[in-house]
>>> print(open('upload.cif').read())   # mmCIF, C-alpha atoms
data_start
#
loop_
_atom_site.label_atom_id
_atom_site.label_comp_id
_atom_site.auth_asym_id
_atom_site.auth_seq_id
_atom_site.Cartn_x
_atom_site.Cartn_y
_atom_site.Cartn_z
CA MET A 1 -28.56 -58.98 6.73
CA LYS A 2 -26.30 -58.26 3.78
CA ASN A 3 -28.38 -55.20 2.92
CA ARG A 4 -28.09 -53.90 6.46
CA ILE A 5 -24.34 -54.23 6.30
CA LEU A 6 -24.21 -52.49 2.93
CA TYR A 7 -26.39 -49.62 4.17
CA GLY A 8 -24.18 -49.45 7.24
CA ILE A 9 -21.07 -49.16 5.07
CA LEU A 10 -22.63 -46.49 2.89
CA ALA A 11 -23.92 -44.50 5.86
CA TYR A 12 -20.55 -44.69 7.58
CA LEU A 13 -18.60 -43.56 4.52
CA LEU A 14 -21.12 -40.86 3.69
CA LEU A 15 -21.14 -39.46 7.22
CA SER A 16 -17.38 -39.45 7.41
CA ASN A 17 -17.18 -37.61 4.07
CA VAL A 18 -19.91 -35.11 4.90
CA SER A 19 -18.31 -34.24 8.21
CA GLY A 20 -14.96 -33.80 6.48
CA MET A 21 -16.45 -31.59 3.78
CA ALA A 22 -18.25 -29.47 6.31
CA GLN A 23 -14.98 -28.83 8.08
CA ILE A 24 -13.07 -27.95 4.90
CA ARG A 25 -15.76 -25.54 3.72
CA VAL A 26 -14.43 -22.65 5.87
CA ASN A 27 -14.20 -19.43 3.80
CA GLU A 28 -14.66 -21.28 0.52
CA ASN A 29 -17.56 -19.16 -0.64
CA ILE A 30 -19.35 -15.94 0.03
CA GLN A 31 -22.03 -17.50 2.23
CA ASP A 32 -19.39 -18.37 4.85
CA GLY A 33 -18.92 -14.73 5.69
CA LYS A 34 -21.11 -12.01 7.07
CA THR A 35 -19.50 -8.71 6.10
CA LEU A 36 -17.46 -7.64 3.08
CA ILE A 37 -15.75 -4.33 2.32
CA MET A 38 -15.66 -3.83 -1.45
CA LEU A 39 -13.74 -1.25 -3.49
CA THR A 40 -15.00 0.05 -6.84
CA PRO A 41 -12.12 1.71 -8.70
CA GLN A 42 -14.09 2.21 -11.95
CA TYR A 43 -16.10 5.04 -10.41
CA LEU A 44 -12.95 7.14 -10.15
CA GLN A 45 -13.47 7.72 -13.85
CA VAL A 46 -16.30 10.06 -12.85
CA ASP A 47 -14.37 11.40 -9.80
CA GLN A 48 -16.41 9.27 -7.44
CA LEU A 49 -14.97 7.59 -4.36
CA ARG A 50 -17.18 4.63 -3.52
CA ILE A 51 -16.58 2.03 -0.84
CA GLU A 52 -19.33 -0.56 -0.51
CA ILE A 53 -20.34 -2.59 2.53
CA ASP A 54 -21.99 -5.98 1.94
CA ARG A 55 -23.80 -7.48 4.90
CA ARG A 56 -25.58 -10.82 5.15
CA ILE A 57 -28.95 -10.34 6.83
CA ALA A 58 -30.18 -13.94 6.54
CA ASP A 59 -29.19 -17.11 4.75
CA ARG A 60 -28.89 -16.16 1.02
CA HIS A 61 -30.14 -12.61 1.69
CA TRP A 62 -27.66 -9.74 1.59
CA ILE A 63 -27.78 -5.94 1.68
CA THR A 64 -25.19 -3.71 0.01
CA LEU A 65 -24.78 -0.09 1.09
CA ALA A 66 -22.65 2.10 -1.16
CA PRO A 67 -22.09 5.62 0.11
CA HIS A 68 -20.15 7.74 -2.36
CA TYR A 69 -18.52 11.09 -2.53
CA VAL A 70 -17.49 13.21 -5.52
CA GLN A 71 -14.74 15.80 -5.50
CA ASN A 72 -13.13 17.48 -8.48
CA SER A 73 -11.52 20.87 -8.75
CA GLN A 74 -10.49 22.20 -12.15
CA GLN A 75 -9.36 25.63 -13.17
CA PHE A 76 -12.82 26.89 -14.13
CA GLN A 77 -15.07 24.41 -12.39
CA THR A 78 -15.47 22.86 -8.96
CA HIS A 79 -17.64 19.80 -8.52
CA SER A 80 -18.71 18.19 -5.27
CA GLY A 81 -21.37 15.62 -4.53
CA PHE A 82 -22.53 12.77 -2.40
CA GLY A 83 -24.96 9.87 -2.63
CA LEU A 84 -26.06 6.45 -1.49
CA VAL A 85 -26.97 3.25 -3.31
CA ALA A 86 -28.80 0.54 -1.35
CA THR A 87 -29.12 -2.88 -2.98
CA TYR A 88 -30.87 -6.02 -1.79
CA LYS A 89 -29.38 -9.28 -3.09
CA PHE A 90 -30.85 -12.75 -3.18
CA PHE A 91 -28.43 -15.61 -3.82
CA PHE A 92 -29.90 -18.33 -6.02
CA GLY A 93 -26.60 -20.19 -5.96
CA THR A 94 -23.71 -20.08 -3.54
CA SER A 95 -22.12 -17.21 -5.47
CA SER A 96 -24.69 -15.95 -7.99
CA TYR A 97 -27.33 -13.43 -7.11
CA LEU A 98 -30.18 -11.26 -8.28
CA GLY A 99 -30.30 -7.74 -6.92
CA GLY A 100 -32.55 -4.73 -6.83
CA GLY A 101 -31.60 -1.30 -5.58
CA LEU A 102 -32.41 2.34 -5.12
CA GLN A 103 -30.00 5.23 -5.46
CA PHE A 104 -29.81 8.90 -4.68
CA THR A 105 -27.07 11.35 -5.69
CA HIS A 106 -26.71 15.11 -5.29
CA HIS A 107 -24.12 17.22 -7.16
CA THR A 108 -23.17 20.87 -6.84
CA ILE A 109 -21.14 22.39 -9.69
CA ASN A 110 -19.69 25.90 -9.66
CA ASN A 111 -18.51 27.35 -12.95
CA TYR A 112 -16.07 30.24 -13.22
CA ALA A 113 -14.40 32.27 -15.94
CA ARG A 114 -11.16 34.20 -15.76
CA ASP A 115 -11.23 37.96 -15.98
CA GLU A 116 -8.49 38.67 -18.53
CA TYR A 117 -8.03 42.29 -17.38
CA VAL A 118 -7.53 41.58 -13.72
CA ASN A 119 -5.47 38.51 -14.69
CA LEU A 120 -5.77 36.18 -11.68
CA ASP A 121 -9.21 36.98 -10.35
CA LYS A 122 -11.91 34.50 -11.15
CA VAL A 123 -15.39 35.64 -12.02
CA TRP A 124 -18.23 33.55 -10.79
CA LEU A 125 -20.58 32.51 -13.59
CA TYR A 126 -23.24 30.11 -12.38
CA LYS A 127 -23.96 27.35 -9.90
CA THR A 128 -25.83 24.15 -10.76
CA ASN A 129 -27.51 21.68 -8.43
CA ILE A 130 -28.33 18.22 -9.76
CA THR A 131 -30.35 15.65 -7.85
CA GLN A 132 -30.62 12.23 -9.39
CA TYR A 133 -32.82 9.32 -8.30
CA GLY A 134 -32.48 5.82 -9.69
CA VAL A 135 -33.53 2.18 -9.53
CA ASN A 136 -31.38 -0.78 -10.55
CA ALA A 137 -31.95 -4.46 -11.35
CA ILE A 138 -28.82 -6.55 -11.57
CA VAL A 139 -27.52 -10.08 -11.79
CA GLY A 140 -24.05 -10.87 -10.57
CA ARG A 141 -21.55 -13.36 -9.32
CA TYR A 142 -18.90 -13.35 -6.61
CA ILE A 143 -15.58 -14.98 -7.41
CA ARG A 144 -13.19 -16.16 -4.73
CA LEU A 145 -9.72 -14.92 -5.69
CA TYR A 146 -7.93 -15.91 -2.50
CA PRO A 147 -9.12 -16.89 0.97
CA HIS A 148 -11.12 -13.86 2.19
CA LEU A 149 -10.50 -11.97 -1.07
CA PHE A 150 -13.47 -11.78 -3.45
CA GLY A 151 -14.26 -10.20 -6.78
CA ASP A 152 -17.76 -9.38 -7.92
CA ILE A 153 -18.98 -8.93 -11.50
CA TYR A 154 -22.47 -7.66 -12.15
CA GLY A 155 -24.62 -6.28 -14.91
CA GLY A 156 -28.16 -5.17 -15.45
CA PHE A 157 -30.22 -2.12 -16.19
CA GLY A 158 -31.68 0.81 -14.36
CA TYR A 159 -33.62 4.02 -14.68
CA ARG A 160 -32.41 7.51 -13.75
CA TYR A 161 -34.45 10.62 -13.10
CA SER A 162 -32.59 13.92 -12.74
CA GLN A 163 -33.62 17.36 -11.54
CA THR A 164 -31.34 20.24 -12.51
CA THR A 165 -31.45 23.82 -11.29
CA SER A 166 -28.99 26.50 -12.39
CA SER A 167 -28.53 29.96 -10.95
CA ASP A 168 -28.55 31.47 -14.47
CA GLY A 169 -31.80 29.73 -15.40
CA VAL A 170 -30.25 27.76 -18.28
CA LYS A 171 -30.31 23.97 -18.27
CA HIS A 172 -26.66 23.02 -18.79
CA SER A 173 -25.55 19.51 -19.67
CA PHE A 174 -22.78 17.84 -17.68
CA GLY A 175 -21.33 14.86 -19.50
CA ARG A 176 -22.84 12.96 -22.37
CA GLY A 177 -24.98 9.84 -22.61
CA LEU A 178 -25.47 7.34 -19.85
CA LEU A 179 -22.63 8.72 -17.73
CA GLY A 180 -23.97 12.29 -17.84
CA LEU A 181 -24.61 13.74 -14.41
CA ASN A 182 -28.09 14.97 -15.29
CA TYR A 183 -29.12 12.08 -17.49
CA THR A 184 -32.74 10.93 -17.38
CA GLY A 185 -33.83 7.62 -18.86
CA LEU A 186 -32.96 3.95 -19.04
CA THR A 187 -29.35 3.07 -18.35
CA LEU A 188 -26.99 0.13 -18.32
CA VAL A 189 -25.55 -0.94 -14.99
CA LEU A 190 -22.21 -2.72 -15.20
CA GLY A 191 -19.55 -3.12 -12.59
CA VAL A 192 -16.58 -4.90 -11.13
CA ARG A 193 -15.71 -4.82 -7.46
CA ILE A 194 -12.93 -6.26 -5.39
CA GLY A 195 -13.07 -6.68 -1.66
CA ILE A 196 -12.20 -8.42 1.52
CA MET A 197 -14.30 -10.64 3.78
CA LEU A 198 -13.97 -9.59 7.41
CA MET B 1 -17.93 -64.14 13.28
CA ARG B 2 -18.25 -63.31 9.57
CA HIS B 3 -20.29 -60.22 10.42
CA PHE B 4 -17.82 -59.21 13.05
CA LEU B 5 -14.95 -59.46 10.55
CA LEU B 6 -16.97 -57.55 7.97
CA GLY B 7 -17.63 -54.85 10.56
CA ILE B 8 -13.91 -54.60 11.32
CA ILE B 9 -13.12 -54.29 7.58
CA VAL B 10 -15.75 -51.56 7.15
CA PHE B 11 -14.38 -49.73 10.16
CA LEU B 12 -10.83 -49.94 8.82
CA ILE B 13 -11.90 -48.68 5.38
CA GLY B 14 -13.97 -45.89 6.88
CA LEU B 15 -11.37 -44.80 9.38
CA PRO B 16 -8.84 -43.46 6.85
CA CYS B 17 -11.60 -41.68 4.94
CA SER B 18 -12.74 -39.80 8.01
CA SER B 19 -9.24 -39.24 9.32
CA VAL B 20 -8.01 -37.94 5.95
CA HIS B 21 -10.70 -35.28 6.04
CA GLY B 22 -10.04 -34.66 9.67
CA GLN B 23 -6.36 -34.17 8.96
CA ALA B 24 -7.09 -31.91 6.01
CA TYR B 25 -9.23 -29.77 8.22
CA GLN B 26 -6.62 -29.91 10.94
CA ARG B 27 -3.96 -28.72 8.50
CA VAL B 28 -6.11 -25.84 7.33
CA ASP B 29 -6.96 -24.97 10.89
CA ASP B 30 -3.30 -25.01 11.91
CA HIS B 31 -2.23 -22.67 9.18
CA VAL B 32 -5.14 -20.31 9.07
CA ASP B 33 -5.85 -17.77 11.77
CA ASP B 34 -2.48 -18.02 13.45
CA PHE B 35 -1.43 -14.41 13.64
CA ARG B 36 1.84 -14.93 15.52
CA VAL B 37 3.68 -15.39 12.23
CA PHE B 38 4.22 -11.65 11.67
CA GLY B 39 5.62 -10.90 15.11
CA LYS B 40 4.53 -7.87 17.08
CA ASN B 41 6.32 -5.00 15.34
CA THR B 42 7.36 -4.30 11.78
CA LEU B 43 9.38 -1.51 10.21
CA SER B 44 9.24 -0.94 6.47
CA LEU B 45 10.14 1.49 3.72
CA SER B 46 7.65 2.58 1.05
CA LEU B 47 9.19 2.32 -2.40
CA PHE B 48 6.79 4.37 -4.52
CA PRO B 49 7.30 7.74 -2.75
CA LEU B 50 10.99 7.41 -3.66
CA ILE B 51 10.00 8.23 -7.27
CA GLU B 52 9.17 11.75 -6.07
CA ARG B 53 12.14 11.85 -3.65
CA GLY B 54 9.95 11.01 -0.68
CA PHE B 55 11.33 8.92 2.15
CA GLU B 56 8.43 7.20 3.91
CA LEU B 57 8.87 4.82 6.83
CA ASN B 58 6.09 2.63 8.20
CA TYR B 59 5.97 1.36 11.74
CA ASP B 60 3.32 -1.32 12.34
CA ARG B 61 2.44 -2.44 15.83
CA LYS B 62 0.09 -5.30 16.69
CA ILE B 63 -2.60 -4.21 19.16
CA VAL B 64 -4.57 -7.45 19.51
CA ASN B 65 -4.81 -10.67 17.51
CA LYS B 66 -5.82 -9.44 14.02
CA HIS B 67 -5.62 -5.70 14.63
CA TRP B 68 -2.57 -3.55 13.96
CA ILE B 69 -1.88 0.16 13.96
CA LYS B 70 0.35 1.72 11.30
CA ILE B 71 2.17 5.03 11.63
CA SER B 72 3.89 6.43 8.53
CA PRO B 73 5.94 9.62 8.68
CA ALA B 74 7.51 10.81 5.42
CA TYR B 75 9.93 13.54 4.40
CA TYR B 76 10.16 14.98 0.88
CA ARG B 77 13.02 16.98 -0.61
CA HIS B 78 13.25 17.31 -4.36
CA GLN B 79 15.57 19.67 -6.15
CA ASN B 80 15.50 19.80 -9.93
CA TRP B 81 18.05 21.81 -11.96
CA ARG B 82 16.61 20.95 -15.38
CA PRO B 83 15.84 24.25 -17.16
CA ASP B 84 12.37 23.05 -18.21
CA ASN B 85 11.44 22.05 -14.66
CA LEU B 86 13.52 24.13 -12.28
CA MET B 87 12.14 23.64 -8.78
CA LEU B 88 12.74 23.08 -5.10
CA LEU B 89 10.26 21.14 -3.03
CA GLU B 90 10.28 20.42 0.68
CA GLY B 91 7.55 18.71 2.61
CA TYR B 92 6.46 16.14 5.11
CA SER B 93 3.49 13.88 5.66
CA PHE B 94 2.03 11.78 8.43
CA LYS B 95 -0.31 8.83 8.09
CA VAL B 96 -2.10 6.77 10.76
CA GLN B 97 -4.00 3.63 9.79
CA HIS B 98 -5.86 0.77 11.37
CA LYS B 99 -4.82 -2.49 9.76
CA TYR B 100 -6.96 -5.59 10.00
CA PHE B 101 -5.79 -9.07 8.96
CA PRO B 102 -8.84 -11.30 8.43
CA TYR B 103 -6.64 -14.09 7.05
CA SER B 104 -3.09 -15.24 7.50
CA ASN B 105 -1.48 -18.53 6.60
CA THR B 106 1.44 -19.80 8.64
CA LYS B 107 2.47 -22.32 5.97
CA SER B 108 2.83 -19.89 3.08
CA LYS B 109 3.48 -16.96 5.47
CA VAL B 110 1.03 -14.73 3.70
CA GLY B 111 -1.43 -12.35 5.29
CA LEU B 112 -4.32 -10.50 3.70
CA PHE B 113 -5.19 -7.11 5.15
CA LEU B 114 -7.54 -4.17 5.00
CA SER B 115 -6.02 -0.85 6.03
CA TYR B 116 -7.62 2.56 6.33
CA GLY B 117 -7.01 5.88 7.98
CA PRO B 118 -6.39 9.62 7.67
CA ASP B 119 -3.27 11.40 6.47
CA PHE B 120 -1.85 14.91 6.51
CA GLN B 121 0.69 16.38 4.08
CA HIS B 122 2.46 19.73 3.93
CA PHE B 123 4.52 20.93 0.95
CA ASP B 124 6.46 24.05 0.03
CA LEU B 125 7.15 24.29 -3.70
CA THR B 126 9.29 27.01 -5.27
CA THR B 127 9.65 27.43 -9.04
CA PRO B 128 10.73 30.42 -11.22
CA ARG B 129 7.01 31.15 -11.71
CA GLY B 130 6.32 31.48 -8.00
CA ASN B 131 5.99 29.78 -4.68
CA VAL B 132 3.12 27.81 -3.23
CA LYS B 133 2.72 26.36 0.25
CA PHE B 134 -0.10 23.87 0.63
CA ASN B 135 -1.59 21.30 2.99
CA LYS B 136 -3.51 18.18 2.08
CA TYR B 137 -5.94 16.34 4.32
CA GLY B 138 -6.83 12.87 3.12
CA LEU B 139 -8.30 9.45 3.75
CA GLU B 140 -7.10 6.14 2.34
CA CYS B 141 -8.58 2.63 2.21
CA VAL B 142 -6.52 -0.22 0.77
CA ILE B 143 -6.47 -4.01 0.46
CA GLY B 144 -3.11 -5.73 0.49
CA LEU B 145 -0.98 -8.83 0.90
CA ARG B 146 1.94 -9.25 3.26
CA LYS B 147 4.47 -11.99 2.52
CA LEU B 148 7.13 -13.00 5.00
CA PHE B 149 10.42 -14.52 3.87
CA TYR B 150 13.39 -15.85 5.86
CA ASP B 151 11.17 -15.27 8.94
CA VAL B 152 12.54 -11.74 9.33
CA PHE B 153 11.94 -9.88 6.08
CA PHE B 154 8.62 -9.13 4.45
CA PHE B 155 7.08 -7.20 1.63
CA GLU B 156 3.61 -5.76 1.23
CA VAL B 157 1.71 -4.94 -1.93
CA TYR B 158 -1.52 -3.03 -1.72
CA GLY B 159 -4.00 -1.05 -3.73
CA GLY B 160 -7.09 0.94 -3.00
CA LEU B 161 -8.87 4.25 -3.05
CA ALA B 162 -7.89 7.60 -1.60
CA THR B 163 -9.20 11.10 -1.38
CA ASN B 164 -7.69 14.35 -0.26
CA TYR B 165 -8.62 17.95 0.15
CA LEU B 166 -6.14 20.64 -0.87
CA SER B 167 -5.73 23.77 1.19
CA ILE B 168 -3.46 26.55 -0.14
CA ARG B 169 -1.56 28.29 2.67
CA ARG B 170 0.33 30.83 0.57
CA ASN B 171 0.52 31.58 -3.14
CA GLU B 172 3.09 34.02 -4.54
CA GLY B 173 3.63 34.67 -8.24
CA ALA B 174 1.64 32.64 -10.74
CA ASP B 175 -1.64 30.91 -9.88
CA TRP B 176 -1.04 27.80 -7.73
CA ARG B 177 -2.64 25.58 -10.41
CA GLU B 178 -0.01 26.66 -12.90
CA ILE B 179 2.77 26.05 -10.38
CA LEU B 180 1.41 22.59 -9.49
CA GLU B 181 0.39 21.46 -12.98
CA LYS B 182 3.56 19.42 -13.59
CA HIS B 183 3.12 17.55 -10.31
CA ASP B 184 -0.50 16.47 -10.20
CA SER B 185 -0.95 14.07 -13.10
CA ALA B 186 0.01 10.72 -11.49
CA TRP B 187 -1.18 9.12 -8.27
CA PHE B 188 2.30 9.08 -6.71
CA GLN B 189 2.90 12.81 -7.26
CA TYR B 190 2.59 15.20 -4.34
CA GLY B 191 0.33 17.65 -6.18
CA ILE B 192 -2.50 15.18 -6.81
CA THR B 193 -5.86 16.04 -5.26
CA GLY B 194 -9.42 14.75 -5.38
CA ASN B 195 -10.33 11.06 -5.50
CA TYR B 196 -7.76 8.70 -6.96
CA LEU B 197 -6.33 5.17 -7.04
CA VAL B 198 -3.47 4.40 -4.72
CA PHE B 199 -0.89 1.59 -4.93
CA GLY B 200 2.04 0.69 -2.76
CA LEU B 201 4.98 -1.61 -2.27
CA ASN B 202 6.76 -1.78 1.07
CA ILE B 203 9.74 -3.83 2.17
CA GLY B 204 10.78 -4.26 5.76
CA ILE B 205 11.67 -6.34 8.78
CA VAL B 206 9.72 -8.07 11.52
CA PHE B 207 10.87 -7.82 15.13
#
>>> encode(input="upload.cif", output="structure tokens")
Amino acid sequence: MKNRILYGILAYLLLSNVSGMAQIRVNENIQDGKTLIMLTPQYLQVDQLRIEIDRRIADRHWITLAPHYVQNSQQFQTHSGFGLVATYKFFFGTSSYLGGGLQFTHHTINNYARDEYVNLDKVWLYKTNITQYGVNAIVGRYIRLYPHLFGDIYGGFGYRYSQTTSSDGVKHSFGRGLLGLNYTGLTLVLGVRIGIML
Amino acid sequence: MRHFLLGIIVFLIGLPCSSVHGQAYQRVDDHVDDFRVFGKNTLSLSLFPLIERGFELNYDRKIVNKHWIKISPAYYRHQNWRPDNLMLLEGYSFKVQHKYFPYSNTKSKVGLFLSYGPDFQHFDLTTPRGNVKFNKYGLECVIGLRKLFYDVFFFEVYGGLATNYLSIRRNEGADWREILEKHDSAWFQYGITGNYLVFGLNIGIVF
């Protein structure tokens, strides 16, 4: 009889606690939401505007879509581009995840020179089209900064394959190393994002 | 009788435990998702455009529960008599944004928002090197916090990403890039184009 009472006490306390915890859990972690809008300011370093949409497709399974757009106009060069990165994420904890993604980016770069004799007229030199394909494997973690405000830190590696065509037939290089626009090879993937849970 | 008393004791011990959690939840529930705290209309002044002699007003109007619309007209007039930067600038801009508050807390009177929308800017800049008239068409997406104080006043801080496309309407004298070069280095300057970071600080009233 004593055991029954003890079990009763434990069950009662446990149930009351569990129900309380379940109620408090609202917006405590990423799994409580369904959609996030994330901003990635670091890509502005390469003139890229990227706003990412995270969407929960099932419990612990998320998809991130990152459309991006490049625009840069300098005196002797104009650069425009667009692309998309799609990443699937599996959460092995409430906030930590493993992700795998595919990416596609296309850039168009026009190079000019100034004609010194005509002073202001620009002379068109060559146009370059760069198409880059990539795969990424990342591990990351969401951090709750404030209710509905989340940060995300991730890192991993990827592979990039670039195709470059220039109107003058010469293969020009745009940027050096891993951040080069027409880089081909293994690359590091590192990032920080900040965003809001809708 | 002993069991009955024991049952009563267990019930009395358990009751506060469950009610404490219940109350905690109740408190959270009371303070979260109550969007009446910011009234229906707000009027604010943007502080950062003042650096470039821009006077930007923001009128925010609540449409439904968490959704607001923001309209921001601005007027710019900047005259500089310094010999190294002699210039006269006049311009105006207009911004329309949808503002969404996924979270607001009535206890701390803080709201978190996502705001995005298009903007249009027109400037006429005259310097000794020439004159340039230009338009800018842009988009902005920001995340911010609104904090109410004394139930009437509030301030907003926000940051995000923006892009704009520059269209030159008229260029007399030197190349427009040379005329604009002193005014396109920082994100709050009117000559900036391309993709860039944007920050803001607004102060205003709720009515």
>>> resolve_selection(input="upload.cif", expression="the PyMOL selection byres ((chain A and resi 65) around 6)", output="JSON, numbers by chain")
{"A": [52, 53, 64, 66, 85, 86]}
>>> resolve_selection(input="upload.cif", expression="the PyMOL selection byres ((chain A and resi 43) around 10)", output="JSON, numbers by chain")
{"A": [39, 40, 41, 42, 44, 45, 46, 47, 48, 49, 50, 68, 70, 191, 192], "B": [195, 196]}
>>> write_last_selection(input="upload.cif", atoms="C-alpha atoms", output="PDB file, in the frame of the given file")
ATOM      1  CA  LEU A  39     -13.740  -1.250  -3.490  1.00  0.00           C
ATOM      2  CA  THR A  40     -15.000   0.050  -6.840  1.00  0.00           C
ATOM      3  CA  PRO A  41     -12.120   1.710  -8.700  1.00  0.00           C
ATOM      4  CA  GLN A  42     -14.090   2.210 -11.950  1.00  0.00           C
ATOM      5  CA  LEU A  44     -12.950   7.140 -10.150  1.00  0.00           C
ATOM      6  CA  GLN A  45     -13.470   7.720 -13.850  1.00  0.00           C
ATOM      7  CA  VAL A  46     -16.300  10.060 -12.850  1.00  0.00           C
ATOM      8  CA  ASP A  47     -14.370  11.400  -9.800  1.00  0.00           C
ATOM      9  CA  GLN A  48     -16.410   9.270  -7.440  1.00  0.00           C
ATOM     10  CA  LEU A  49     -14.970   7.590  -4.360  1.00  0.00           C
ATOM     11  CA  ARG A  50     -17.180   4.630  -3.520  1.00  0.00           C
ATOM     12  CA  HIS A  68     -20.150   7.740  -2.360  1.00  0.00           C
ATOM     13  CA  VAL A  70     -17.490  13.210  -5.520  1.00  0.00           C
ATOM     14  CA  GLY A 191     -19.550  -3.120 -12.590  1.00  0.00           C
ATOM     15  CA  VAL A 192     -16.580  -4.900 -11.130  1.00  0.00           C
TER      16      VAL A 192
ATOM     17  CA  ASN B 195     -10.330  11.060  -5.500  1.00  0.00           C
ATOM     18  CA  TYR B 196      -7.760   8.700  -6.960  1.00  0.00           C
TER      19      TYR B 196
END
>>> residues_around(input="upload.cif", residues="stretch 58-65 of chain B", least_positions_apart="5", cutoff="8 Å", atoms="all atoms listed in the file", output="ChimeraX atom specification")
/B:35,40-46,70-73
>>> atom_distance(input="upload.cif", atom1="atom CA of A:Leu102", atom2="atom CA of B:Leu114")
27.6 Å
>>> closest_residue(input="upload.cif", among="B:Thr163, B:Thr106, B:Thr127, B:Asn171", to="A:Gln71", atoms="only C-alpha atoms")
B:Thr163
>>> resolve_selection(input="upload.cif", expression="the PyMOL selection byres ((chain A and resi 57) around 12)", output="list in words")
Gln31, Gly33, Lys34, Thr35, Asp54, Arg55, Arg56, Ala58, Asp59, Arg60, His61, Trp62, Ile63, Thr64, Tyr88, Lys89, Phe90 and Phe91 of chain A
>>> residues_near_point(input="upload.cif", point="(-5.3, -7.0, -2.8)", cutoff="8 Å", atoms="only C-alpha atoms", output="PyMOL selection string")
(chain A and resi 149+195) or (chain B and resi 112-113+142-145+157-159)
>>> atom_distance(input="upload.cif", atom1="atom CA of A:Arg141", atom2="atom CA of A:Ile51")
18.3 Å
>>> closest_residue(input="upload.cif", among="B:Gln97, B:Asp84, B:Gln121, B:Phe154", to="B:Gly54", atoms="only C-alpha atoms")
B:Gln121
>>> closest_residue(input="upload.cif", among="A:Gly101, A:Met38, A:Gln77, A:Asn129", to="A:Gly169", atoms="only C-alpha atoms")
A:Asn129
>>> residues_around(input="upload.cif", residues="A:Phe150", least_positions_apart="4", cutoff="7 Å", atoms="all atoms listed in the file", output="ChimeraX atom specification")
/A:142-146,194-196
>>> atom_distance(input="upload.cif", atom1="atom CA of A:Ile109", atom2="atom CA of A:Tyr161")
18.1 Å
>>> closest_residue(input="upload.cif", among="A:Leu36, A:Leu98, A:Leu198, A:Ile153", to="chain B", atoms="all atoms listed in the file")
A:Leu198
>>> closest_residue(input="upload.cif", among="B:Arg77, B:Ile205, B:Pro49, B:Ser93", to="B:Glu156", atoms="all atoms listed in the file")
B:Ile205
>>> residues_around(input="upload.cif", residues="A:Leu186", least_positions_apart="5", cutoff="9 Å", atoms="all atoms listed in the file", output="list in words")
Phe157, Gly158, Tyr159, Arg160 and Leu178 of chain A
>>> closest_residue(input="upload.cif", among="B:Leu148, B:Val96, B:Ala186, B:Ile69", to="B:Glu52", atoms="only C-alpha atoms")
B:Ala186
